[in-house]
Structure formats: C-alpha cells, structure tokens
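Undergrad: Have a look at this one.
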Amino acid sequence: MRTIDGRAIAKTIAAEVTAEAEKLTADGVVPTLAVVVPTDDEATAWYVRSIERTAARVGITCRTERLTDPSAADLISLLDELSADDSVHGIICQTPLPDGVTLAEVGEHIAVGKDVDGANPASLGRLAAGLDTFAPATAAAVAEILRQEKVELTGKQAVIIGRSMVVGKPAALLLLADNATVTVCHSRTRDLPQVCATADVVVAAVGRAEMVTADYLKQGAIVIDVGTNPTDDGGLVGDVDAAAVAERAGALTPVPGGVGPVTTMLLMRHTVQAAS
Ligand SMILES: Nc1nc(=O)c2c([nH]1)NC[C@@H]1CN(c3ccc(C(=O)N[C@@H](CCC(=O)O)C(=O)O)cc3)C=[N+]21
C-alpha cells in the first residue's frame, strides 16, 4: 500500500498561493480571511491555530472573531457585517455551532463570493449546478488529492461514507463532476462493507474511529480518510484502520498528514481566489 503524503501536496499548493498573495499585496489588496469561532471546542481551537499559522506562512491576513455563547442572531449579524466589509475577502464560520443553530441558517449570511468553506446552501446549489463557486475546503481536498495522485475517475466506482453538508454531499458532487459513478452511504445503509467493497475509490467521512477495515475494500482500492478522531492519549486517528487495510488498499491518506493539511491549504487558495 502506498501512503499519500498530504503535507507534500499542501506544500506544492502553498508555493502557488504564496505567489498569488504576493501579487495581490503588491497591487494593494492584502488577502484577508475572517475566521468566526462560535464555540470553544478543542478540535476547533486546533484548526483555528492551524489556519492562523498557515495564513501567516503564505501571506494572508487572518482576522479571528471569537464569540461567547452566541445566538443565531448574533452570528448572523456578524456574518452580515463581514460580508459587507470590503477589507474581508474570505469568511469561514467554524463548526460545531451552539446547540440549536444550524450551519445552513447562518451560512446563508456569508456572501457567496466570500464563502471560502462553502457553508452557504447557495454555494452547494451552485456546485450542484456546475456554476463557479467554492466547495467546502475538506471536500475540495478529497478531489485535489485524487487529482494530484493522478487517480483517473472517469467510469470508476466511488463510494463516499457520510452525507454531511461539509464533506459527503459536496465530495459526491465533485467526484461526479470528474465522471466517477458515485454512491453515498450513511448510517442507515444496509450491507455497508459490501457496498464499499465494489468501489475503486472509498472516501471515509463518518467520524467513527478506525471503522473501515479490510472487509470494506476491494483489492487495490484508493482510500481517502477524512476522519480526525481524537484518541484518549491526545493523538488523532482516522475513520480507517490503517494497519488493518495495509494489505488490501492500493493507497491511503494517513491521519495525521493526509486530508487535514490539504484542507487548510485549500482554504488559503480559496481566499486568494476570493480576493482576486
Ligand atoms: N466550518 C468548518 N470547516 C471545517 O473544515 C472544520 C470546522 N468547521 N471545524 C473543525 C473541523 C476540524 N478540521 C480540521 C482540519 C484540518 C486538520 C489537520 O490538518 N490535522 C492535522 C493533524 C492535527 C494534529 O496532529 O492534532 C493532520 O491531519 O495532519 C484537522 C481538523 C476542519 N474542521
């Protein structure tokens, strides 16, 4: 089994994004990403630090807006304000959101042109319609990794495990646009391992530690692991049991070092695109 190096892929994209950010800055436009942080969840805090670090490295200004226990109305008024602010080019609202608040309802208040993490339902609709738009960075990372690894998708079977608005659904649309035959599975899918075992490409985005084992895979399948599940000892594991699939998979994205770093970098690429 080949291990796909997400950090190396992120590095390649970083070079391109840095050059683009430099050009914009020379023209008097400092690419700026607003990060709205509505809850103080630990995984989110890590991602926000990573966004801030990566932005600094590629020449993007990061403006972090922390809210304490906000209502939907509080979030909406901040997102409306950022959407109208000409000095802000990209906006990401971190999940999880406070109880009872949905990403779709607040996402509607992120201007589509600044919606660098594809949270506005209109962005997802545009993606479905084949219009120019930003896909959620994680879903975009899945497609980007397959492209960079030169995995030809035309006519291939792709199975996505997970139907969320941030990963499963947009990833399905992106792979469909690359001519794969796409199946989306979820918690109610019957005979999940057998369905997955028909796939040339498996995308695991369920959020259950090491759930995907060898019996889910056909020999040689390409496996993209989107899971980031914290372990008791402070580590991180994916949705795929990497040791269990080693003999069966053709290639696998590791956790950490796979989809995560590409996700963060694509958020940066989207931000310079939004500023252009
Ligand atoms: N609106 C929204 N969009 C998101 O995309 C989003 C979010 N909210 N909320 C939080 C989660 C979490 N998330 C991660 C991204 C990268 C890594 C990542 O790069 N992890 C490193 C390792 C981290 C470690 O070692 O602890 C890696 O995989 O190599 C992790 C987690 C995006 N999220």
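Order determines the names: the first chain of the structure tokens is A, the second B, and so forth; residues in each chain are numbered 1 upward, and ligands are numbered 1 upward as they are shown.
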Which residues, written as a VMD selection string, have at least one atom at most 12 Å from Arg248 (chain A), with only C-alpha atoms counted and residues fewer than 3 positions away on the same chain left out?
TA: chain A and resid 1 to 2 197 200 212 to 223 241 to 245 251 to 252
Undergrad: Sort by chain and increasing residue number a table of all residues of chain A within 8 Å of ligand 1, each with its closest pair of atoms and their distance in Å to one decimal, counting only C-alpha atoms and all ligand atoms, and write it as CSV.
TA:
```
residue,atom,partner,partner_atom_place_in_ligand_line,distance
A:Gly6,CA,ligand 1,29 (O),7.7
A:Arg7,CA,ligand 1,29 (O),7.4
A:Ala43,CA,ligand 1,12 (C),5.8
A:Thr44,CA,ligand 1,10 (C),4.3
A:Ala45,CA,ligand 1,10 (C),7.9
A:Trp46,CA,ligand 1,26 (O),6.9
A:Tyr47,CA,ligand 1,14 (C),5.2
A:Val48,CA,ligand 1,10 (C),8.0
A:Ser50,CA,ligand 1,19 (O),7.2
A:Ile92,CA,ligand 1,1 (N),6.0
A:Cys93,CA,ligand 1,1 (N),5.1
A:Gln94,CA,ligand 1,8 (N),3.8
A:Thr95,CA,ligand 1,8 (N),3.9
A:Pro96,CA,ligand 1,9 (N),6.2
A:Asp117,CA,ligand 1,3 (N),6.3
A:Ala119,CA,ligand 1,1 (N),7.1
A:Pro136,CA,ligand 1,5 (O),7.1
A:Ala137,CA,ligand 1,5 (O),6.1
A:Thr138,CA,ligand 1,5 (O),5.6
A:Val166,CA,ligand 1,3 (N),7.0
A:Thr228,CA,ligand 1,31 (C),6.1
A:Pro230,CA,ligand 1,26 (O),8.0
A:Gly235,CA,ligand 1,26 (O),6.6
A:Leu236,CA,ligand 1,26 (O),6.0
A:Pro254,CA,ligand 1,28 (O),7.8
A:Val255,CA,ligand 1,28 (O),5.1
A:Pro256,CA,ligand 1,29 (O),3.4
A:Gly257,CA,ligand 1,29 (O),3.5
A:Gly258,CA,ligand 1,28 (O),5.6
A:Val259,CA,ligand 1,28 (O),6.1
A:Gly260,CA,ligand 1,19 (O),3.2
A:Pro261,CA,ligand 1,19 (O),4.1
A:Val262,CA,ligand 1,19 (O),7.3
A:Thr263,CA,ligand 1,16 (C),5.9
A:Thr264,CA,ligand 1,16 (C),5.8
```
Undergrad: Give me the residues near Ala199 (chain A) as a list in words, where near means some atom within 7 Å (using only C-alpha atoms) and where sequence neighbours in that chain fewer than 3 positions away do not count.
TA: Gln157, Ala158, Val159, Cys196, Val202, Lys218 and Ala221 of chain A
Undergrad: Using the selection just defined, write its residues with C-alpha atoms as a short mmCIF file (atom, residue, chain, number, x, y, z; two decimals), in the first residue's frame.
TA:
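Output (part.cif):
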```
data_model
loop_
_atom_site.label_atom_id
_atom_site.label_comp_id
_atom_site.auth_asym_id
_atom_site.auth_seq_id
_atom_site.Cartn_x
_atom_site.Cartn_y
_atom_site.Cartn_z
CA GLN A 157 -16.93 3.46 -8.81
CA ALA A 158 -16.53 5.89 -5.89
CA VAL A 159 -18.22 5.22 -2.56
CA CYS A 196 -17.85 -0.22 -0.16
CA VAL A 202 -13.53 4.95 -0.95
CA LYS A 218 -11.69 -4.36 -2.88
CA ALA A 221 -8.84 0.43 -3.71
#
```
Undergrad: Any idea what's packed within 12 Å of Ser77 (chain A), counting only C-alpha atoms, ignoring anything in its chain fewer than 5 positions away? Could you give it as JSON, numbers by chain?
TA: {"A": [36, 67, 70, 71, 72, 82, 83, 84, 106, 107, 108, 109, 110]}
Undergrad: Quick one: residues within 9 Å of Glu105 (chain A), only C-alpha atoms, excluding same-chain residues fewer than 6 positions away - as a PDB file with N, CA and C atoms, in the first residue's frame?
TA:
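For reference, result-v5.pdb as written:
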```
ATOM      1  N   ALA A  72     -28.168  32.529  17.293  1.00  0.00           N
ATOM      2  CA  ALA A  72     -28.147  32.542  15.832  1.00  0.00           C
ATOM      3  C   ALA A  72     -28.132  33.988  15.337  1.00  0.00           C
ATOM      4  N   ILE A  76     -25.465  35.727  12.867  1.00  0.00           N
ATOM      5  CA  ILE A  76     -25.963  36.266  11.601  1.00  0.00           C
ATOM      6  C   ILE A  76     -25.550  37.728  11.452  1.00  0.00           C
ATOM      7  N   ASN A 120     -22.670  28.386   2.676  1.00  0.00           N
ATOM      8  CA  ASN A 120     -23.963  28.908   2.221  1.00  0.00           C
ATOM      9  C   ASN A 120     -24.650  27.852   1.356  1.00  0.00           C
ATOM     10  N   PRO A 121     -25.884  27.485   1.678  1.00  0.00           N
ATOM     11  CA  PRO A 121     -26.581  26.498   0.846  1.00  0.00           C
ATOM     12  C   PRO A 121     -26.577  26.886  -0.639  1.00  0.00           C
TER      13      PRO A 121
END
```
Undergrad: Which residues are close to Ile13 (chain A), i.e. within 9 Å by only C-alpha atoms, leaving aside same-chain residues fewer than 2 positions away? Reply as JSON, numbers by chain.
TA: {"A": [8, 9, 10, 11, 15, 16, 17, 18, 262, 265, 266, 269]}
Undergrad: Which of region 46-237 of chain A end up as helix (DSSP H, G or I) when DSSP is run on this backbone - answer as a PyMOL selection string?
TA: chain A and resi 46-58+72-84+103-107+112-114+121-129+137-148+168-177+192-196+214-216
Undergrad: Residues within 8 Å of Ala143 (chain A), please, as a PyMOL selection string. Count only C-alpha atoms; anything in the same chain fewer than 5 positions from it doesn't count.
TA: chain A and resi 171+174-175
Undergrad: Which of these residues is nearest to Thr154 (chain A), using only C-alpha atoms: A:Cys62, A:Val203, A:Val182, A:Val101?
TA: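 Of A:Cys62, A:Val203, A:Val182, A:Val101, the one nearest Thr154 (chain A) is A:Val182, counting only C-alpha atoms.
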Undergrad: Looking only at the backbone, which of the residues in region 59-205 of chain A does DSSP tag as strand (DSSP E or B), as a ChimeraX atom specification?
TA: /A:61-66,90-93,157-161,181-185,201-204
Undergrad: Out of A:Leu146, A:Val272, A:Val195, A:Ala204, which residue has the shortest atom-to-atom distance to Gly168 (chain A) when counting only C-alpha atoms?
TA: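 The shortest atom-to-atom distance to Gly168 (chain A) comes from A:Ala204.
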